[in-house]
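Student: The file below is model.tsv, TSV, C-alpha atoms and all ligand atoms:
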```tsv
chain	number	residue	atom	x	y	z
A	182	MET	CA	88.94	-76.56	-77.22
A	183	LYS	CA	87.66	-77.73	-73.81
A	184	LEU	CA	87.11	-74.76	-71.55
A	185	PHE	CA	88.22	-74.61	-67.93
A	186	THR	CA	88.17	-70.83	-68.06
A	187	VAL	CA	87.21	-68.37	-65.35
A	188	GLY	CA	84.74	-66.50	-67.53
A	189	PRO	CA	83.36	-66.36	-70.06
A	190	VAL	CA	82.92	-70.06	-69.49
A	191	ALA	CA	81.46	-72.73	-71.77
A	192	CYS	CA	77.70	-72.26	-72.04
A	193	TYR	CA	75.31	-75.09	-71.29
A	194	PRO	CA	73.84	-76.68	-74.45
A	195	GLU	CA	70.34	-75.77	-73.26
A	196	VAL	CA	71.45	-72.13	-72.95
A	197	LEU	CA	72.94	-72.17	-76.46
A	198	GLU	CA	69.64	-73.50	-77.79
A	199	GLU	CA	67.78	-70.69	-76.01
A	200	ILE	CA	69.98	-67.83	-77.18
A	201	GLY	CA	69.70	-68.95	-80.80
A	202	ARG	CA	65.99	-68.09	-80.94
A	203	GLN	CA	64.52	-65.22	-82.98
A	204	MET	CA	64.28	-61.83	-81.24
A	205	TYR	CA	61.20	-60.02	-80.04
A	206	SER	CA	60.75	-56.52	-78.64
A	207	HIS	CA	61.71	-55.83	-75.06
A	208	ARG	CA	58.29	-54.15	-74.73
A	209	SER	CA	56.42	-57.24	-75.95
A	210	ARG	CA	54.32	-59.57	-73.82
A	211	GLU	CA	56.82	-62.36	-74.62
A	212	TYR	CA	59.68	-60.39	-73.11
A	213	LEU	CA	57.76	-59.16	-70.09
A	214	ASP	CA	56.73	-62.73	-69.22
A	215	LEU	CA	60.36	-63.82	-69.52
A	216	HIS	CA	61.57	-60.83	-67.50
A	217	TYR	CA	59.28	-61.25	-64.51
A	218	GLU	CA	59.70	-65.03	-64.45
A	219	THR	CA	63.50	-64.59	-64.42
A	220	VAL	CA	63.28	-62.02	-61.62
A	221	ASP	CA	61.19	-64.47	-59.56
A	222	LEU	CA	63.61	-67.32	-60.24
A	223	LEU	CA	66.51	-65.15	-59.06
A	224	LYS	CA	64.60	-64.05	-55.97
A	225	ARG	CA	64.12	-67.69	-55.03
A	226	PHE	CA	67.72	-68.51	-55.86
A	227	LEU	CA	69.08	-65.71	-53.68
A	228	GLU	CA	66.35	-66.04	-51.04
A	229	THR	CA	65.47	-62.37	-51.17
A	230	GLU	CA	62.54	-59.99	-51.28
A	231	SER	CA	64.84	-57.22	-52.55
A	232	GLN	CA	64.37	-55.77	-56.00
A	233	ILE	CA	66.26	-57.73	-58.65
A	234	PHE	CA	67.52	-55.77	-61.65
A	235	LEU	CA	68.67	-57.19	-64.97
A	236	PHE	CA	71.22	-54.68	-66.27
A	237	SER	CA	72.30	-54.56	-69.90
A	238	SER	CA	75.95	-54.43	-68.81
A	239	THR	CA	78.57	-56.66	-67.29
A	240	GLY	CA	78.94	-57.05	-63.52
A	241	THR	CA	81.18	-54.01	-63.17
A	242	GLY	CA	78.21	-51.84	-64.12
A	243	PHE	CA	76.43	-53.01	-60.98
A	244	MET	CA	79.61	-52.33	-58.96
A	245	GLU	CA	79.64	-48.73	-60.16
A	246	ALA	CA	75.89	-48.44	-59.58
A	247	SER	CA	76.21	-49.49	-55.93
A	248	ILE	CA	78.63	-46.61	-55.33
A	249	ARG	CA	76.87	-43.92	-57.34
A	250	ASN	CA	73.44	-44.66	-55.86
A	251	CYS	CA	74.33	-45.36	-52.25
A	252	VAL	CA	77.63	-43.80	-51.13
A	253	ARG	CA	77.84	-40.07	-50.53
A	254	ARG	CA	81.39	-39.77	-49.28
A	255	SER	CA	83.31	-42.86	-48.20
A	256	LEU	CA	83.36	-46.64	-48.06
A	257	LEU	CA	85.61	-49.44	-46.88
A	258	CYS	CA	86.87	-51.79	-49.60
A	259	CYS	CA	88.02	-55.26	-48.60
A	260	ILE	CA	90.71	-56.32	-51.05
A	261	ASN	CA	92.18	-59.78	-51.62
A	262	GLY	CA	93.21	-59.30	-55.21
A	263	SER	CA	92.50	-57.62	-58.53
A	264	PHE	CA	88.71	-57.47	-58.31
A	265	GLY	CA	88.68	-56.05	-54.79
A	266	LYS	CA	91.10	-53.44	-56.14
A	267	ARG	CA	88.71	-52.77	-58.98
A	268	PHE	CA	85.90	-51.96	-56.51
A	269	ALA	CA	88.21	-49.39	-54.90
A	270	ASP	CA	89.28	-48.00	-58.30
A	271	VAL	CA	85.66	-47.57	-59.37
A	272	ALA	CA	84.86	-45.73	-56.14
A	273	VAL	CA	87.89	-43.44	-56.51
A	274	ALA	CA	87.02	-42.78	-60.16
A	275	ASN	CA	83.61	-41.64	-58.93
A	276	GLY	CA	85.17	-39.24	-56.43
A	277	ARG	CA	84.54	-41.27	-53.28
A	278	VAL	CA	86.99	-41.66	-50.41
A	279	VAL	CA	88.18	-45.27	-50.07
A	280	GLU	CA	89.52	-46.90	-46.92
A	281	ARG	CA	91.22	-50.21	-47.62
A	282	LEU	CA	91.37	-53.46	-45.74
A	283	GLU	CA	93.95	-55.50	-47.58
A	284	PRO	CA	95.36	-58.68	-46.04
A	285	PRO	CA	98.46	-60.22	-47.68
A	286	LEU	CA	97.72	-61.96	-50.99
A	287	GLY	CA	96.29	-65.41	-50.43
A	288	GLU	CA	94.80	-64.54	-47.05
A	289	PRO	CA	91.04	-64.08	-46.53
A	290	VAL	CA	89.36	-61.08	-44.96
A	291	LEU	CA	88.19	-62.30	-41.55
A	292	PRO	CA	85.49	-60.78	-39.33
A	293	ASP	CA	87.93	-59.59	-36.64
A	294	MET	CA	89.95	-57.73	-39.29
A	295	LEU	CA	86.76	-56.07	-40.48
A	296	GLU	CA	85.80	-55.18	-36.90
A	297	ASP	CA	89.21	-53.50	-36.44
A	298	ALA	CA	88.96	-51.62	-39.72
A	299	LEU	CA	85.47	-50.37	-38.88
A	300	ALA	CA	86.64	-49.27	-35.46
A	301	ARG	CA	89.41	-47.27	-37.18
A	302	HIS	CA	87.04	-45.83	-39.79
A	303	PRO	CA	83.63	-45.43	-38.18
A	304	GLU	CA	82.69	-42.76	-40.73
A	305	VAL	CA	82.44	-45.11	-43.76
A	306	GLU	CA	78.92	-45.62	-45.07
A	307	ALA	CA	79.40	-48.99	-46.71
A	308	VAL	CA	81.59	-52.08	-46.85
A	309	ALA	CA	82.46	-53.55	-50.25
A	310	LEU	CA	83.28	-57.26	-50.27
A	311	THR	CA	84.47	-59.55	-53.02
A	312	HIS	CA	82.85	-62.87	-52.14
A	313	ASN	CA	85.05	-64.96	-54.38
A	314	GLU	CA	88.28	-63.28	-55.51
A	315	THR	CA	88.72	-64.79	-58.96
A	316	SER	CA	92.30	-63.59	-59.37
A	317	ALA	CA	93.51	-65.42	-56.25
A	318	GLY	CA	91.03	-68.33	-56.26
A	319	LEU	CA	89.98	-67.39	-52.75
A	320	ILE	CA	86.59	-67.28	-51.05
A	321	ASN	CA	85.86	-64.98	-48.11
A	322	PRO	CA	83.49	-65.92	-45.26
A	323	LEU	CA	80.66	-63.75	-46.56
A	324	ARG	CA	77.97	-64.55	-44.02
A	325	GLU	CA	80.22	-63.60	-41.09
A	326	LEU	CA	81.62	-60.51	-42.80
A	327	ALA	CA	78.19	-59.21	-43.77
A	328	SER	CA	77.00	-59.77	-40.22
A	329	ALA	CA	79.99	-57.83	-38.78
A	330	ALA	CA	79.38	-54.93	-41.20
A	331	LYS	CA	75.66	-54.85	-40.37
A	332	ALA	CA	76.40	-54.85	-36.65
A	333	HIS	CA	78.17	-51.53	-37.31
A	334	GLY	CA	75.17	-50.25	-39.28
A	335	LYS	CA	76.98	-50.28	-42.61
A	336	LEU	CA	75.58	-50.97	-46.05
A	337	VAL	CA	76.94	-54.20	-47.50
A	338	PHE	CA	77.88	-54.46	-51.19
A	339	VAL	CA	78.90	-57.88	-52.49
A	340	ASP	CA	80.71	-58.61	-55.71
A	341	ALA	CA	79.45	-62.14	-56.29
A	342	VAL	CA	80.57	-62.27	-59.91
A	343	SER	CA	82.32	-65.64	-59.61
A	344	SER	CA	80.32	-67.05	-56.70
A	345	MET	CA	76.63	-66.44	-57.41
A	346	GLY	CA	75.39	-69.79	-58.64
A	347	GLY	CA	78.53	-71.55	-57.45
A	348	THR	CA	77.90	-71.48	-53.73
A	349	GLU	CA	75.23	-70.39	-51.27
A	350	ILE	CA	74.30	-66.73	-50.85
A	351	LYS	CA	71.25	-65.85	-48.73
A	352	VAL	CA	70.79	-62.17	-49.43
A	353	ASP	CA	68.12	-61.29	-46.84
A	354	GLU	CA	69.21	-63.58	-44.01
A	355	TRP	CA	72.84	-62.44	-44.37
A	356	GLY	CA	71.90	-58.76	-44.59
A	357	ILE	CA	73.29	-57.89	-48.04
A	358	ASP	CA	72.18	-54.58	-49.58
A	359	VAL	CA	73.57	-54.94	-53.09
A	360	CYS	CA	74.65	-58.34	-54.40
A	361	PHE	CA	75.59	-58.59	-58.06
A	362	SER	CA	76.96	-61.01	-60.61
A	363	SER	CA	77.59	-61.45	-64.32
A	364	SER	CA	75.99	-63.91	-66.71
A	365	GLN	CA	79.25	-65.38	-68.03
A	366	LYS	CA	80.36	-67.16	-64.85
A	367	CYS	CA	78.57	-69.76	-62.73
A	368	PHE	CA	75.34	-69.62	-64.74
A	369	GLY	CA	77.09	-70.68	-67.96
A	370	VAL	CA	75.48	-67.94	-70.09
A	371	PRO	CA	77.25	-65.60	-72.58
A	372	PRO	CA	78.53	-62.23	-71.28
A	373	GLY	CA	76.49	-59.02	-71.42
A	374	LEU	CA	74.01	-59.35	-68.56
A	375	ALA	CA	74.54	-58.24	-64.96
A	376	VAL	CA	72.06	-59.32	-62.31
A	377	GLY	CA	71.80	-58.00	-58.80
A	378	SER	CA	69.63	-57.46	-55.76
A	379	VAL	CA	69.06	-54.03	-54.24
A	380	SER	CA	67.64	-53.64	-50.73
A	381	GLU	CA	65.01	-51.14	-49.56
A	382	GLU	CA	67.70	-49.24	-47.67
A	383	ALA	CA	69.85	-48.98	-50.78
A	384	LEU	CA	66.84	-47.75	-52.77
A	385	LYS	CA	66.11	-45.09	-50.15
A	386	LEU	CA	69.67	-43.82	-50.41
A	387	SER	CA	69.37	-43.81	-54.18
A	388	GLU	CA	66.29	-41.63	-53.94
A	389	ALA	CA	68.26	-38.92	-52.18
A	390	ALA	CA	71.46	-39.33	-54.22
A	391	VAL	CA	72.58	-36.49	-56.44
A	392	ASP	CA	74.84	-36.97	-59.45
A	393	LYS	CA	74.06	-40.68	-59.72
A	394	GLY	CA	73.79	-40.55	-63.51
A	395	TRP	CA	70.91	-42.03	-65.50
A	396	TYR	CA	71.85	-45.45	-66.89
A	397	PHE	CA	72.30	-47.19	-63.54
A	398	ASP	CA	69.89	-45.14	-61.44
A	399	PHE	CA	68.35	-47.76	-59.12
A	400	LYS	CA	65.14	-45.72	-58.73
A	401	LEU	CA	64.68	-45.56	-62.48
A	402	TRP	CA	65.08	-49.32	-62.76
A	403	GLU	CA	62.70	-49.83	-59.86
A	404	ARG	CA	60.05	-47.64	-61.52
A	405	TYR	CA	60.12	-49.67	-64.73
A	406	GLN	CA	60.14	-52.92	-62.81
A	407	LYS	CA	57.20	-51.95	-60.61
A	408	ARG	CA	55.10	-50.57	-63.47
A	409	GLY	CA	55.29	-53.86	-65.33
A	410	ARG	CA	57.58	-52.44	-68.02
A	411	GLY	CA	60.69	-54.55	-67.30
A	412	THR	CA	63.77	-52.43	-68.02
A	413	PRO	CA	64.28	-48.76	-68.95
A	414	VAL	CA	66.73	-49.65	-71.76
A	415	THR	CA	66.80	-52.46	-74.30
A	416	SER	CA	67.14	-55.72	-72.40
A	417	VAL	CA	69.79	-58.27	-73.36
A	418	ILE	CA	67.07	-60.74	-74.26
A	419	PRO	CA	69.22	-63.72	-75.38
A	420	GLN	CA	71.23	-63.72	-72.14
A	421	ILE	CA	68.10	-63.33	-70.03
A	422	ALA	CA	66.44	-66.20	-71.90
A	423	GLY	CA	69.58	-68.30	-71.32
A	424	LEU	CA	69.67	-67.46	-67.63
A	425	ASN	CA	65.97	-68.21	-67.29
A	426	ARG	CA	66.52	-71.62	-68.86
A	427	ILE	CA	69.41	-72.54	-66.57
A	428	LEU	CA	67.57	-71.36	-63.44
A	429	ARG	CA	64.52	-73.44	-64.41
A	430	LEU	CA	66.77	-76.40	-65.11
A	431	ILE	CA	68.35	-76.09	-61.68
A	432	GLU	CA	64.90	-76.09	-60.06
A	433	GLU	CA	63.83	-79.13	-62.10
A	434	ARG	CA	66.98	-81.09	-61.20
A	435	GLY	CA	66.67	-80.72	-57.47
A	436	GLY	CA	67.28	-77.07	-56.66
A	437	LYS	CA	70.31	-74.95	-55.96
A	438	GLU	CA	71.87	-77.42	-53.50
A	439	TRP	CA	72.10	-79.87	-56.39
A	440	TYR	CA	73.90	-77.23	-58.47
A	441	PHE	CA	76.27	-76.22	-55.67
A	442	ASN	CA	77.15	-79.88	-55.08
A	443	LEU	CA	77.89	-80.34	-58.75
A	444	TYR	CA	80.37	-77.43	-58.61
A	445	ARG	CA	81.84	-78.61	-55.30
A	446	ARG	CA	82.45	-82.10	-56.72
A	447	ARG	CA	84.14	-80.78	-59.86
A	448	ASN	CA	86.22	-78.33	-57.82
A	449	LEU	CA	87.42	-80.97	-55.36
A	450	LYS	CA	88.26	-83.36	-58.16
A	451	ILE	CA	90.39	-80.69	-59.85
A	452	ARG	CA	92.13	-79.64	-56.64
A	453	ARG	CA	92.90	-83.19	-55.57
A	454	GLY	CA	94.12	-84.01	-59.08
A	455	VAL	CA	96.40	-81.00	-59.15
A	456	GLU	CA	97.80	-81.85	-55.73
A	457	ARG	CA	98.41	-85.44	-56.83
A	458	LEU	CA	100.55	-83.98	-59.62
A	459	GLY	CA	102.70	-82.33	-56.97
A	460	LEU	CA	101.35	-78.79	-57.30
A	461	SER	CA	99.87	-76.64	-54.56
A	462	ILE	CA	96.89	-74.31	-54.40
A	463	PHE	CA	97.67	-70.63	-53.85
A	464	PRO	CA	95.26	-69.32	-51.17
A	465	ARG	CA	95.31	-70.27	-47.52
A	466	LYS	CA	93.90	-73.74	-46.83
A	467	GLY	CA	90.21	-73.64	-45.97
A	468	TYR	CA	89.56	-70.57	-48.15
A	469	GLU	CA	89.99	-72.14	-51.59
A	470	SER	CA	87.39	-70.93	-54.08
A	471	PRO	CA	84.71	-73.47	-55.04
A	472	THR	CA	84.67	-72.18	-58.64
A	473	VAL	CA	88.29	-71.28	-59.56
A	474	SER	CA	91.45	-73.10	-58.52
A	475	CYS	CA	94.47	-70.81	-58.45
A	476	VAL	CA	97.48	-73.12	-58.76
A	477	ASN	CA	101.10	-72.27	-57.95
A	478	ALA	CA	103.28	-72.94	-60.97
A	479	PRO	CA	106.30	-75.16	-60.20
A	480	GLU	CA	109.48	-73.36	-59.10
A	481	GLY	CA	111.13	-71.65	-62.06
A	482	VAL	CA	108.21	-72.17	-64.48
A	483	GLU	CA	105.91	-69.34	-65.53
A	484	GLY	CA	102.19	-69.99	-65.19
A	485	ALA	CA	101.68	-68.64	-68.71
A	486	LEU	CA	103.84	-71.43	-70.12
A	487	ILE	CA	101.62	-74.09	-68.58
A	488	TYR	CA	98.60	-72.25	-69.91
A	489	GLU	CA	100.09	-72.20	-73.43
A	490	ARG	CA	101.14	-75.87	-73.35
A	491	MET	CA	97.65	-76.85	-72.17
A	492	ARG	CA	96.15	-74.96	-75.11
A	493	GLY	CA	98.37	-77.04	-77.33
A	494	LYS	CA	96.67	-80.10	-75.88
A	495	GLY	CA	93.16	-78.73	-76.45
A	496	PHE	CA	92.42	-77.32	-72.99
A	497	GLU	CA	91.86	-73.65	-72.31
A	498	LEU	CA	92.65	-72.91	-68.66
A	499	ALA	CA	93.24	-69.33	-67.43
A	500	MET	CA	96.47	-67.47	-66.87
A	501	GLY	CA	97.40	-65.96	-63.55
A	502	TYR	CA	95.96	-62.48	-63.04
A	503	GLY	CA	97.28	-59.23	-61.65
A	504	ASP	CA	100.08	-59.66	-59.12
A	505	LEU	CA	99.86	-63.45	-59.55
A	506	LYS	CA	100.27	-63.40	-63.32
A	507	GLU	CA	103.68	-65.03	-63.43
A	508	THR	CA	103.59	-67.41	-60.52
A	509	THR	CA	100.19	-69.05	-60.94
A	510	PHE	CA	97.70	-70.37	-63.46
A	511	ARG	CA	94.00	-70.98	-62.87
A	512	ILE	CA	91.52	-73.75	-63.58
A	513	GLY	CA	87.86	-72.83	-63.57
A	514	ASN	CA	85.05	-75.27	-62.92
A	515	MET	CA	82.07	-73.13	-63.95
A	516	GLY	CA	79.65	-73.64	-66.83
A	517	HIS	CA	79.37	-76.64	-69.11
A	518	ILE	CA	82.04	-79.15	-68.14
A	519	GLU	CA	81.77	-82.89	-68.65
A	520	GLU	CA	83.01	-85.01	-65.76
A	521	ARG	CA	85.28	-87.12	-67.99
A	522	ASP	CA	86.89	-83.97	-69.42
A	523	ILE	CA	88.21	-83.22	-65.95
A	524	ASP	CA	90.11	-86.52	-66.02
A	525	LEU	CA	91.42	-85.79	-69.50
A	526	MET	CA	92.44	-82.27	-68.50
A	527	LEU	CA	94.34	-83.56	-65.46
A	528	GLU	CA	96.02	-86.23	-67.58
A	529	ALA	CA	97.13	-83.54	-70.05
A	530	LEU	CA	98.38	-81.37	-67.20
A	531	GLY	CA	100.45	-84.29	-65.92
A	532	GLU	CA	102.02	-84.66	-69.38
A	533	VAL	CA	102.74	-80.93	-69.62
A	534	LEU	CA	104.42	-80.93	-66.21
A	535	ALA	CA	106.47	-84.01	-67.03
A	536	ALA	CA	107.68	-82.41	-70.28
A	537	LEU	CA	108.74	-79.30	-68.39
A	601	LIG	C1	85.19	-61.26	-58.81
A	601	LIG	C2	84.99	-60.49	-60.07
A	601	LIG	N1	84.50	-59.26	-60.00
A	601	LIG	C3	84.28	-58.52	-61.11
A	601	LIG	C4	84.58	-59.00	-62.34
A	601	LIG	C5	84.29	-58.18	-63.55
A	601	LIG	O1	83.13	-58.65	-64.14
A	601	LIG	P1	82.62	-58.12	-65.54
A	601	LIG	O2	83.72	-58.36	-66.51
A	601	LIG	O3	81.40	-58.95	-65.79
A	601	LIG	O4	82.31	-56.69	-65.40
A	601	LIG	C6	85.11	-60.29	-62.49
A	601	LIG	C7	85.47	-60.82	-63.81
A	601	LIG	O5	86.18	-61.78	-63.95
A	601	LIG	C8	85.32	-61.05	-61.32
A	601	LIG	O6	85.80	-62.28	-61.40
```
Could I get this structure in the form of structure tokens?
Ligand SMILES: Cc1ncc(COP(=O)(O)O)c(C=O)c1O
Tutor:
Amino acid sequence: MKLFTVGPVACYPEVLEEIGRQMYSHRSREYLDLHYETVDLLKRFLETESQIFLFSSTGTGFMEASIRNCVRRSLLCCINGSFGKRFADVAVANGRVVERLEPPLGEPVLPDMLEDALARHPEVEAVALTHNETSAGLINPLRELASAAKAHGKLVFVDAVSSMGGTEIKVDEWGIDVCFSSSQKCFGVPPGLAVGSVSEEALKLSEAAVDKGWYFDFKLWERYQKRGRGTPVTSVIPQIAGLNRILRLIEERGGKEWYFNLYRRRNLKIRRGVERLGLSIFPRKGYESPTVSCVNAPEGVEGALIYERMRGKGFELAMGYGDLKETTFRIGNMGHIEERDIDLMLEALGEVLAAL
């Protein structure tokens, strides 16, 4: 099966080679070398001096951590789909008060909307943003939104699960306090590892936080990191080795701009191909995700049917998600994808549509 999934995605062959190696202890010299090299690679990739933590969890663990460590009472959640909703759900489950900024589905969150929301809710301590809303295939203007939130003195949390590695994020320059992602998306690594940056301000808040739990206590992770001990719990060594390999590969092949261009090219090819077949892309023009294309199914056809028929032809796309489950299907362009497979996938999609 050729994967055009939205995560887990197909792993790069180099990553598969790496994760197949024999284990060693997470307290060994071998691991600690790998750990600190990977942290440095991520710092360069995200252009940050913040602490970088490698959590033995998926991305949602980092989402919960940002709330438990840094928010005492309330935050503003910007919601363009299922994963923005998840941020709000996690906050509510942890007893926090959530204000919501929720434009109609398919519309981005824009800085003036955020300004208005912050004027209405000046008491919130933080703004939670989904950079790339995977369920709607929509990317928000992160730099501008972070800047608006910072101008109001708010902490900025960014769910970059399906954008980190797929498009530019400059953590320090853009003023992001917590920016997290998962291994199984743009880096083309198996699931199980969450990576994220945590600013000095976020760490200070964590220091004073009560009831933040133990597993995701930022200060605990910082202590281990600073004392040269890596992680407080067993590290997910295969995923970290895989991520290390892909980050080194990106540096060797010309740096992150090279990688972003690769994703941009694939994404444009898919979108143009889909449009040539007479289909349209769900989100508002200009805000289409560079990593996931959310495609409107033709009138009267369920997205799931196209997904199933494509499986029958050897291509695993992704079904619509959440409120868009029936009316859309999605085509990811993350991870290991051969250029010619995009042509074959589009050809197969043309045949599926014609048969319908
Ligand atoms: C934007 C976004 N946020 C959060 C998540 C959840 O990530 P995880 O399953 O790694 O916890 C996903 C997963 O698809 C996602 O796309």
Student: What's around segment 273-283 of chain A at 6 Å? Count only C-alpha atoms, leave out sequence neighbours fewer than 5 positions away in its own chain, and write the answer as JSON, numbers by chain.
Tutor: {"A": [254, 255, 256, 257, 258, 259, 260]}
Student: Have a look at atom CA of Arg465 of chain A and atom CA of Thr311 of chain A and let me know their distance in Å, one decimal.
Tutor: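 Here the two named atoms are 16.2 Å from each other.
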Student: Residues at most 10 Å from ligand LIG 601 (chain A), using all atoms listed in the file? Could they come as a count of residues only?
Tutor: 48
Student: Tell me which of A:Val271, A:Cys360, A:Leu534, A:Leu323 sits closest to Thr229 of chain A, counting all atoms listed in the file.
Tutor: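 Looking at the shortest contact to Thr229 of chain A, the residue is A:Cys360.
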Student: Do a neighbour search on Asp398 of chain A at 9 Å with all atoms listed in the file, toss out local chain neighbours closer than 2 positions, and write the hits as a PyMOL selection string.
Tutor: chain A and resi 246+249-250+387+393-396+400-403
Student: Could you save those same residues with C-alpha atoms as an mmCIF file, in the coordinates of the input?
Tutor:
```cif
data_model
loop_
_atom_site.group_PDB
_atom_site.id
_atom_site.type_symbol
_atom_site.label_atom_id
_atom_site.label_comp_id
_atom_site.auth_asym_id
_atom_site.auth_seq_id
_atom_site.Cartn_x
_atom_site.Cartn_y
_atom_site.Cartn_z
ATOM 1 C CA ALA A 246 75.890 -48.440 -59.580
ATOM 2 C CA ARG A 249 76.870 -43.920 -57.340
ATOM 3 C CA ASN A 250 73.440 -44.660 -55.860
ATOM 4 C CA SER A 387 69.370 -43.810 -54.180
ATOM 5 C CA LYS A 393 74.060 -40.680 -59.720
ATOM 6 C CA GLY A 394 73.790 -40.550 -63.510
ATOM 7 C CA TRP A 395 70.910 -42.030 -65.500
ATOM 8 C CA TYR A 396 71.850 -45.450 -66.890
ATOM 9 C CA LYS A 400 65.140 -45.720 -58.730
ATOM 10 C CA LEU A 401 64.680 -45.560 -62.480
ATOM 11 C CA TRP A 402 65.080 -49.320 -62.760
ATOM 12 C CA GLU A 403 62.700 -49.830 -59.860
#
```
Student: Report, in Å to a single decimal, how far apart atom CA of Pro292 of chain A and atom CA of Leu326 of chain A are.
Tutor: 5.2 Å
Student: In Å, with one decimal, what is the gap from atom CA of Thr219 of chain A to atom CA of Arg426 of chain A?
Tutor: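 Atom-to-atom, atom CA of Thr219 of chain A and atom CA of Arg426 of chain A are spaced 8.8 Å apart.
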Student: Please determine the residues with any atom at most 12 Å from (102.3, -74.2, -64.2) (coordinates as given in the file, with only C-alpha atoms counting) and report them as number ranges by chain.
Tutor: A: 455, 458-463, 475-491, 498-501, 505-512, 530-537
